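Q: What follows is data.txt, made up of compact mmCIF, C-alpha atoms:
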```txt
# COMPACT_ATOMS: atom_id res chain seq x y z
CA MET A 1 76.17 84.19 46.74
CA ALA A 2 79.32 83.47 48.72
CA VAL A 3 82.97 84.32 48.11
CA LEU A 4 85.77 82.41 49.84
CA GLN A 5 88.95 84.24 50.77
CA ALA A 6 91.56 81.73 51.91
CA LEU A 7 95.14 80.75 51.16
CA GLY A 8 95.61 77.70 48.97
CA VAL A 9 98.68 75.90 50.34
CA VAL A 10 101.13 75.01 47.58
CA ASP A 11 101.56 71.25 47.07
CA ASP A 12 98.74 70.31 49.47
CA VAL A 13 95.87 69.50 47.14
CA ASP A 14 94.22 67.07 49.55
CA GLY A 15 94.37 69.55 52.43
CA ASN A 16 93.08 72.42 50.31
CA LEU A 17 90.18 70.32 49.04
CA ARG A 18 89.28 69.25 52.59
CA ARG A 19 89.18 72.90 53.65
CA LEU A 20 87.10 73.78 50.62
CA ASP A 21 84.66 70.98 51.42
CA ALA A 22 84.24 72.35 54.95
CA TYR A 23 83.66 75.86 53.62
CA ALA A 24 81.13 74.54 51.10
CA ALA A 25 79.21 72.95 53.98
CA ARG A 26 79.11 76.33 55.76
CA VAL A 27 77.95 78.05 52.57
CA ALA A 28 75.14 75.54 52.11
CA ASP A 29 74.11 75.86 55.77
CA HIS A 30 73.98 79.64 55.34
CA GLY A 31 71.58 79.20 52.42
CA ALA A 32 73.87 80.57 49.72
CA GLU A 33 73.56 78.96 46.30
CA ILE A 34 76.85 79.93 44.60
CA LEU A 35 80.42 79.78 45.97
CA VAL A 36 83.37 81.44 44.21
CA THR A 37 86.89 80.37 45.24
CA PRO A 38 90.39 81.83 44.61
CA GLU A 39 92.56 81.26 41.55
CA LEU A 40 94.30 77.85 41.59
CA PHE A 41 93.13 77.37 45.20
CA ALA A 42 93.24 73.57 45.22
CA MET A 43 96.90 73.53 44.12
CA GLY A 44 98.04 76.76 45.69
CA TYR A 45 99.01 79.70 43.52
CA ALA A 46 102.57 79.05 42.31
CA PRO A 47 102.42 78.88 38.51
CA ALA A 48 105.80 77.27 37.87
CA LEU A 49 105.25 74.61 40.53
CA VAL A 50 101.63 73.66 39.84
CA ALA A 51 101.56 73.83 36.03
CA GLY A 52 101.74 70.03 35.82
CA SER A 53 99.01 69.37 38.37
CA ASP A 54 96.14 66.96 37.74
CA GLY A 55 93.46 69.25 36.34
CA PRO A 56 90.91 66.54 35.49
CA GLY A 57 91.30 64.85 38.88
CA ILE A 58 90.86 68.12 40.77
CA ARG A 59 87.84 69.07 38.68
CA THR A 60 86.28 65.72 39.61
CA GLU A 61 86.80 66.56 43.29
CA LEU A 62 85.28 70.04 42.80
CA SER A 63 82.30 68.48 41.06
CA ASP A 64 81.84 66.11 44.02
CA ILE A 65 81.95 69.02 46.49
CA ALA A 66 79.30 70.94 44.54
CA ARG A 67 77.03 67.90 44.33
CA ARG A 68 77.55 66.84 47.94
CA HIS A 69 76.51 70.24 49.29
CA GLY A 70 73.97 71.17 46.63
CA ILE A 71 75.61 74.44 45.63
CA ALA A 72 77.00 75.92 42.43
CA LEU A 73 80.77 76.20 42.67
CA VAL A 74 83.45 78.14 40.78
CA GLY A 75 86.91 76.59 41.05
CA SER A 76 90.17 77.28 39.21
CA THR A 77 92.41 74.50 37.88
CA VAL A 78 95.07 73.79 35.27
CA ASP A 79 93.66 72.88 31.86
CA ASP A 80 96.17 70.81 29.86
CA ALA A 81 95.33 70.54 26.16
CA ALA A 82 97.06 69.59 22.92
CA ASP A 83 97.48 73.25 21.98
CA GLY A 84 98.77 74.49 25.35
CA ARG A 85 98.48 74.58 29.11
CA TYR A 86 96.04 77.08 30.60
CA ILE A 87 94.89 78.54 33.90
CA SER A 88 91.17 77.85 33.85
CA ALA A 89 88.03 78.38 35.87
CA SER A 90 85.07 76.01 35.90
CA LEU A 91 81.47 76.55 36.95
CA PHE A 92 79.75 73.50 38.41
CA ASP A 93 76.02 73.44 39.11
CA ARG A 94 74.45 71.98 42.24
CA GLN A 95 74.36 68.53 40.63
CA GLY A 96 78.12 68.74 40.02
CA THR A 97 77.80 69.20 36.26
CA GLU A 98 80.54 71.37 34.76
CA LEU A 99 78.51 74.01 32.91
CA THR A 100 81.44 75.90 31.43
CA ARG A 101 85.20 76.16 31.57
CA TYR A 102 87.05 79.39 30.76
CA ARG A 103 90.77 79.82 30.02
CA LYS A 104 92.48 82.93 31.40
CA ALA A 105 93.09 85.38 28.56
CA HIS A 106 95.41 87.87 30.28
CA LEU A 107 98.40 86.25 31.96
CA PHE A 108 100.01 88.27 34.75
CA GLY A 109 103.77 88.51 35.01
CA ALA A 110 106.71 86.50 33.75
CA GLU A 111 106.00 83.41 35.88
CA GLU A 112 102.49 82.88 34.50
CA GLN A 113 103.59 83.70 30.98
CA ALA A 114 106.40 81.13 31.15
CA ALA A 115 104.22 78.34 32.54
CA PHE A 116 100.94 78.86 30.66
CA SER A 117 99.41 79.90 27.35
CA PRO A 118 96.80 82.67 27.19
CA GLY A 119 93.26 81.63 26.34
CA ASN A 120 91.84 83.05 23.13
CA ASP A 121 88.10 82.69 23.71
CA LEU A 122 85.63 84.96 25.47
CA PRO A 123 83.83 83.40 28.45
CA GLU A 124 80.53 81.73 27.70
CA LEU A 125 77.32 83.19 29.06
CA VAL A 126 75.59 80.62 31.27
CA PRO A 127 72.08 80.73 32.76
CA LEU A 128 72.22 79.97 36.47
CA LEU A 129 69.54 80.43 39.14
CA GLY A 130 67.72 83.12 37.18
CA LEU A 131 70.93 84.99 36.31
CA THR A 132 73.21 85.11 33.30
CA VAL A 133 76.76 84.59 34.52
CA ALA A 134 80.22 84.70 32.96
CA LEU A 135 83.61 83.71 34.30
CA ALA A 136 86.83 85.71 34.38
CA ILE A 137 90.17 85.11 36.11
CA CYS A 138 92.16 87.71 38.07
CA TYR A 139 94.05 90.01 35.66
CA ASP A 140 91.20 89.83 33.11
CA ILE A 141 89.05 92.26 35.09
CA GLU A 142 91.77 94.91 35.00
CA PHE A 143 91.05 95.38 31.29
CA PRO A 144 87.87 97.44 30.84
CA GLU A 145 86.97 95.89 27.49
CA PHE A 146 86.74 92.43 29.08
CA ALA A 147 83.89 93.35 31.43
CA ARG A 148 82.27 95.57 28.79
CA SER A 149 82.17 92.68 26.32
CA ALA A 150 80.52 90.38 28.85
CA ALA A 151 77.92 93.00 29.78
CA GLN A 152 77.13 93.82 26.16
CA ARG A 153 76.58 90.13 25.45
CA GLY A 154 74.12 89.91 28.35
CA ALA A 155 76.01 88.98 31.53
CA ASP A 156 74.43 89.97 34.86
CA VAL A 157 77.23 88.61 37.04
CA LEU A 158 80.98 88.08 36.68
CA LEU A 159 82.43 85.29 38.84
CA ILE A 160 86.17 85.77 39.27
CA PRO A 161 88.78 83.59 40.99
CA THR A 162 91.86 85.74 41.60
CA ALA A 163 95.35 85.71 43.10
CA VAL A 164 96.53 89.30 43.55
CA PRO A 165 100.03 89.40 45.08
CA ALA A 166 100.87 91.97 47.73
CA THR A 167 103.40 94.44 46.34
CA GLY A 168 104.06 96.91 49.18
CA ASP A 169 105.48 100.37 48.65
CA VAL A 170 107.96 101.00 45.85
CA GLY A 171 111.15 103.05 45.96
CA GLY A 172 110.51 104.74 49.30
CA ARG A 173 107.86 107.00 47.78
CA ALA A 174 104.91 108.34 49.72
CA PRO A 175 101.98 105.87 49.69
CA GLU A 176 99.88 108.04 47.38
CA HIS A 177 102.57 107.71 44.69
CA THR A 178 103.06 103.93 44.85
CA TYR A 179 101.40 101.05 43.07
CA ASN A 180 99.14 99.44 45.63
CA ALA A 181 97.54 96.19 44.47
CA GLU A 182 94.70 96.63 47.00
CA ARG A 183 93.36 99.36 44.72
CA ILE A 184 92.30 96.67 42.28
CA SER A 185 89.67 95.58 44.82
CA THR A 186 88.75 99.06 46.01
CA ILE A 187 88.84 101.01 42.72
CA LEU A 188 88.97 98.85 39.59
CA VAL A 189 86.48 96.14 40.54
CA PRO A 190 83.72 98.54 41.68
CA ALA A 191 84.38 100.72 38.61
CA ARG A 192 83.90 97.71 36.32
CA ALA A 193 80.67 96.85 38.13
CA LEU A 194 79.33 100.42 37.90
CA GLU A 195 80.25 101.12 34.29
CA ASN A 196 78.70 97.86 33.10
CA GLY A 197 75.81 97.37 35.54
CA VAL A 198 76.97 93.92 36.69
CA TYR A 199 77.53 92.15 39.96
CA ILE A 200 81.13 91.03 40.49
CA ALA A 201 82.23 88.27 42.87
CA TYR A 202 86.02 88.46 43.28
CA ALA A 203 87.74 85.74 45.37
CA ASN A 204 91.37 86.22 46.43
CA HIS A 205 93.97 84.48 48.60
CA THR A 206 94.99 85.95 51.97
CA ALA A 207 97.82 88.14 53.25
CA PRO A 208 100.73 88.41 53.67
CA ASP A 209 101.64 87.07 50.24
CA PHE A 210 98.39 88.23 48.64
CA THR A 211 96.28 91.34 49.14
CA GLY A 212 93.12 89.66 50.40
CA MET A 213 90.26 92.18 50.08
CA SER A 214 87.96 89.88 48.16
CA THR A 215 84.68 91.51 47.31
CA ILE A 216 81.11 91.16 46.15
CA THR A 217 80.23 94.35 44.32
CA SER A 218 76.80 95.54 43.21
CA PRO A 219 75.86 96.82 39.72
CA TYR A 220 75.86 100.30 41.28
CA GLY A 221 79.56 99.97 42.11
CA THR A 222 78.96 99.60 45.84
CA PHE A 223 80.41 96.96 48.14
CA LEU A 224 77.97 94.29 49.27
CA GLY A 225 80.93 92.64 50.99
CA LEU A 226 84.60 93.54 51.30
CA ALA A 227 87.01 91.22 53.10
CA GLY A 228 90.02 92.23 55.12
CA HIS A 229 93.34 90.43 54.77
CA GLY A 230 92.61 87.13 56.53
CA GLU A 231 90.52 84.04 55.91
CA GLU A 232 86.88 84.96 55.44
CA LEU A 233 83.57 84.09 53.80
CA LEU A 234 81.53 86.88 52.23
CA PHE A 235 77.79 86.57 51.60
CA ALA A 236 75.46 88.80 49.60
CA ASP A 237 72.06 88.61 47.91
CA VAL A 238 72.08 88.98 44.13
CA ASP A 239 68.96 90.02 42.20
CA GLN A 240 68.68 90.28 38.42
CA ALA A 241 66.08 93.05 38.83
CA GLU A 242 68.80 95.24 40.35
CA VAL A 243 70.89 94.78 37.20
CA VAL A 244 67.98 96.12 35.14
CA ARG A 245 67.45 99.04 37.53
CA ALA A 246 71.15 99.92 37.68
CA ARG A 247 71.35 100.07 33.88
CA GLU A 248 68.29 102.32 33.75
CA LEU A 249 69.97 104.74 36.17
CA ASN A 250 73.50 104.50 34.74
CA THR A 251 73.04 104.38 30.98
CA TYR A 252 76.64 103.72 29.96
CA LEU A 253 75.76 100.69 27.83
CA THR A 254 73.00 102.42 25.88
CA CYS A 255 74.84 105.75 25.47
CA ARG A 256 78.02 104.24 24.04
CA ARG A 257 79.22 105.49 20.65
CA PRO A 258 81.55 102.73 19.49
CA GLY A 259 81.69 104.10 15.94
CA LEU A 260 83.38 107.22 17.24
CA PHE A 261 86.38 105.16 18.34
CA ALA A 262 86.58 102.66 15.50
```
Kindly return the structure encoded in the file as structure tokens.

A:
Amino acid sequence: MAVLQALGVVDDVDGNLRRLDAYAARVADHGAEILVTPELFAMGYAPALVAGSDGPGIRTELSDIARRHGIALVGSTVDDAADGRYISASLFDRQGTELTRYRKAHLFGAEEQAAFSPGNDLPELVPLLGLTVALAICYDIEFPEFARSAAQRGADVLLIPTAVPATGDVGGRAPEHTYNAERISTILVPARALENGVYIAYANHTAPDFTGMSTITSPYGTFLGLAGHGEELLFADVDQAEVVRARELNTYLTCRRPGLFA
């Protein structure tokens, strides 16, 4: 598996797709079989500016990249429908077939909420290369019930395009008392992996506007790869047998008592 951390340049779809094509070639040469890319990478993350972008056209280009390099590819685009406009993520197989498309359920901040509608469907579970995978997008993973639902339904891996903005310190407080968005990568993502026994591939844009720190996290909650703040490719091996073993050791799913909290 590979995760791309790179900045999608706003209003440069052709340039972003050329860069993605070059990265896909590197991923294929490395022998990786799945590439996860950042949220709205092809358009650049700027919800108000890219809401009207050509989702179908960009998805055709992503399909071509997957087929040309013989890899599965996760890319995020705008999904315009009769009932609303959505931030979406698509999973293409190595033949370029779009296996599933998921609409972001949890919209982050006023800009996203003004430009898009929230999706109302859970991500599909898709068999891929001996794994059962599900998609999520950015803010979704910050809600524990989202990952728990996917794991309970049988997901081994969550593939997550993201765009986490850098926030900096707030109000002159000491760092330990500020909201630091990097903690999503270093605390929340590994916690979701551990408590559900799933791999998580989390692909972000780069600093300074975004936090970077993309990650591939194991079902034990450990980092198989953790990026810094700049442009980077992460690689890690993913094995469904480790999902089984992790859930035997950490029995959160089998020890749950949902009736207690009904």

Q: Considering all atoms listed in the file, return as a list in words whatever protein or nucleic-acid residues lie within 6 Å of stretch 152-159 of chain A, sequence-local ones (same chain, fewer than 5 positions apart) excluded.

A: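 Residues near the query, excluding close chain neighbours: Thr132, Val133, Ala134, Leu135, Val198, Tyr199, Ile200 and Ala201 of chain A.
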
Q: Under the rule that only C-alpha atoms are counted, which of A:His69, A:Val10, A:Arg59, A:Ala82 is the nearest residue to A:Ala22?

A: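 Result for the nearest residue to A:Ala22: A:His69.
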
Q: For atom CA of A:Leu234 and atom CA of A:Pro219, determine how far apart the two atoms are, in Å to one decimal place.

A: 17.0 Å

Q: Taking all atoms listed in the file into account, name the residue in A:Asp93, A:Glu232, A:Asp209, A:Asp21 that is nearest to A:Val9.

A: A:Asp209

Q: I'd like the neighbourhood of A:Gly31 as a PyMOL selection string, where a residue qualifies if any of its atoms comes within 9 Å (using all atoms listed in the file), though same-chain residues fewer than 4 positions away should be ignored.

A: chain A and resi 1+26-27

Q: Which polymer residues have any atom within 10 Å of an atom of A:Leu233, counting all atoms listed in the file, with same-chain residues fewer than 5 positions away left out, as a ChimeraX atom specification?

A: /A:2-6,23,26-27,35-37,203,214-215,225-227

Q: Could the residues in this selection be saved with C-alpha atoms as a short mmCIF file (atom, residue, chain, number, x, y, z; two decimals), keeping the file's coordinate frame?

A:
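Result written to result.cif:
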```cif
data_model
loop_
_atom_site.label_atom_id
_atom_site.label_comp_id
_atom_site.auth_asym_id
_atom_site.auth_seq_id
_atom_site.Cartn_x
_atom_site.Cartn_y
_atom_site.Cartn_z
CA ALA A 2 79.32 83.47 48.72
CA VAL A 3 82.97 84.32 48.11
CA LEU A 4 85.77 82.41 49.84
CA GLN A 5 88.95 84.24 50.77
CA ALA A 6 91.56 81.73 51.91
CA TYR A 23 83.66 75.86 53.62
CA ARG A 26 79.11 76.33 55.76
CA VAL A 27 77.95 78.05 52.57
CA LEU A 35 80.42 79.78 45.97
CA VAL A 36 83.37 81.44 44.21
CA THR A 37 86.89 80.37 45.24
CA ALA A 203 87.74 85.74 45.37
CA SER A 214 87.96 89.88 48.16
CA THR A 215 84.68 91.51 47.31
CA GLY A 225 80.93 92.64 50.99
CA LEU A 226 84.60 93.54 51.30
CA ALA A 227 87.01 91.22 53.10
#
```

Q: With distances taken over all atoms listed in the file, which residue among A:Thr100, A:Ala24, A:Val78, A:Gly197 lies nearest A:Ala241?

A: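 Nearest to A:Ala241: A:Gly197.
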
Q: Of the candidates A:Leu40, A:Leu49, A:Cys255, A:Ala262, which one gets nearest to A:Ala114 if we count all atoms listed in the file?

A: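 For A:Ala114, the nearest of the given residues is A:Leu49.
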
Q: Find, counting only C-alpha atoms, the residue in A:Met43, A:Ala66, A:Ala150, A:Ala193 that gets nearest to A:Ala28.

A: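 Closest to A:Ala28, using only C-alpha atoms: A:Ala66.
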
Q: Generate a file for stretch 30-44 of chain A, containing N, CA, C and O atoms, as a compact mmCIF listing (two decimals), in the first residue's frame.

A:
```txt
# COMPACT_ATOMS: atom_id res chain seq x y z
N HIS A 30 7.60 0.61 -7.37
CA HIS A 30 7.94 0.14 -6.03
C HIS A 30 7.30 -1.21 -5.73
O HIS A 30 7.73 -1.92 -4.81
N GLY A 31 6.27 -1.57 -6.48
CA GLY A 31 5.57 -2.82 -6.26
C GLY A 31 4.32 -2.70 -5.41
O GLY A 31 3.69 -3.71 -5.07
N ALA A 32 3.95 -1.48 -5.03
CA ALA A 32 2.72 -1.30 -4.26
C ALA A 32 1.51 -1.50 -5.16
O ALA A 32 1.57 -1.27 -6.37
N GLU A 33 0.41 -1.93 -4.56
CA GLU A 33 -0.78 -2.26 -5.34
C GLU A 33 -1.94 -1.31 -5.12
O GLU A 33 -2.92 -1.35 -5.88
N ILE A 34 -1.88 -0.48 -4.09
CA ILE A 34 -2.95 0.47 -3.78
C ILE A 34 -2.30 1.82 -3.47
O ILE A 34 -1.33 1.89 -2.72
N LEU A 35 -2.86 2.90 -4.04
CA LEU A 35 -2.41 4.26 -3.75
C LEU A 35 -3.58 5.09 -3.26
O LEU A 35 -4.62 5.16 -3.92
N VAL A 36 -3.42 5.73 -2.10
CA VAL A 36 -4.44 6.62 -1.54
C VAL A 36 -3.93 8.05 -1.64
O VAL A 36 -2.78 8.33 -1.28
N THR A 37 -4.78 8.96 -2.12
CA THR A 37 -4.38 10.34 -2.37
C THR A 37 -5.21 11.30 -1.53
O THR A 37 -6.27 10.94 -1.02
N PRO A 38 -4.78 12.56 -1.36
CA PRO A 38 -5.47 13.50 -0.47
C PRO A 38 -6.86 13.91 -0.96
O PRO A 38 -7.22 13.76 -2.13
N GLU A 39 -7.62 14.48 -0.05
CA GLU A 39 -8.98 14.95 -0.32
C GLU A 39 -8.95 16.07 -1.37
O GLU A 39 -8.21 17.05 -1.24
N LEU A 40 -9.77 15.89 -2.41
CA LEU A 40 -9.90 16.89 -3.49
C LEU A 40 -8.53 17.26 -4.08
O LEU A 40 -8.32 18.41 -4.48
N PHE A 41 -7.63 16.31 -4.19
CA PHE A 41 -6.27 16.61 -4.65
C PHE A 41 -6.24 17.17 -6.07
O PHE A 41 -5.52 18.13 -6.36
N ALA A 42 -7.01 16.57 -6.97
CA ALA A 42 -6.93 16.99 -8.37
C ALA A 42 -7.36 18.43 -8.57
O ALA A 42 -6.86 19.12 -9.46
N MET A 43 -8.28 18.91 -7.73
CA MET A 43 -8.78 20.29 -7.85
C MET A 43 -8.05 21.24 -6.92
O MET A 43 -8.05 22.45 -7.13
N GLY A 44 -7.43 20.71 -5.88
CA GLY A 44 -6.94 21.53 -4.79
C GLY A 44 -8.05 21.72 -3.78
O GLY A 44 -9.22 21.87 -4.15
```
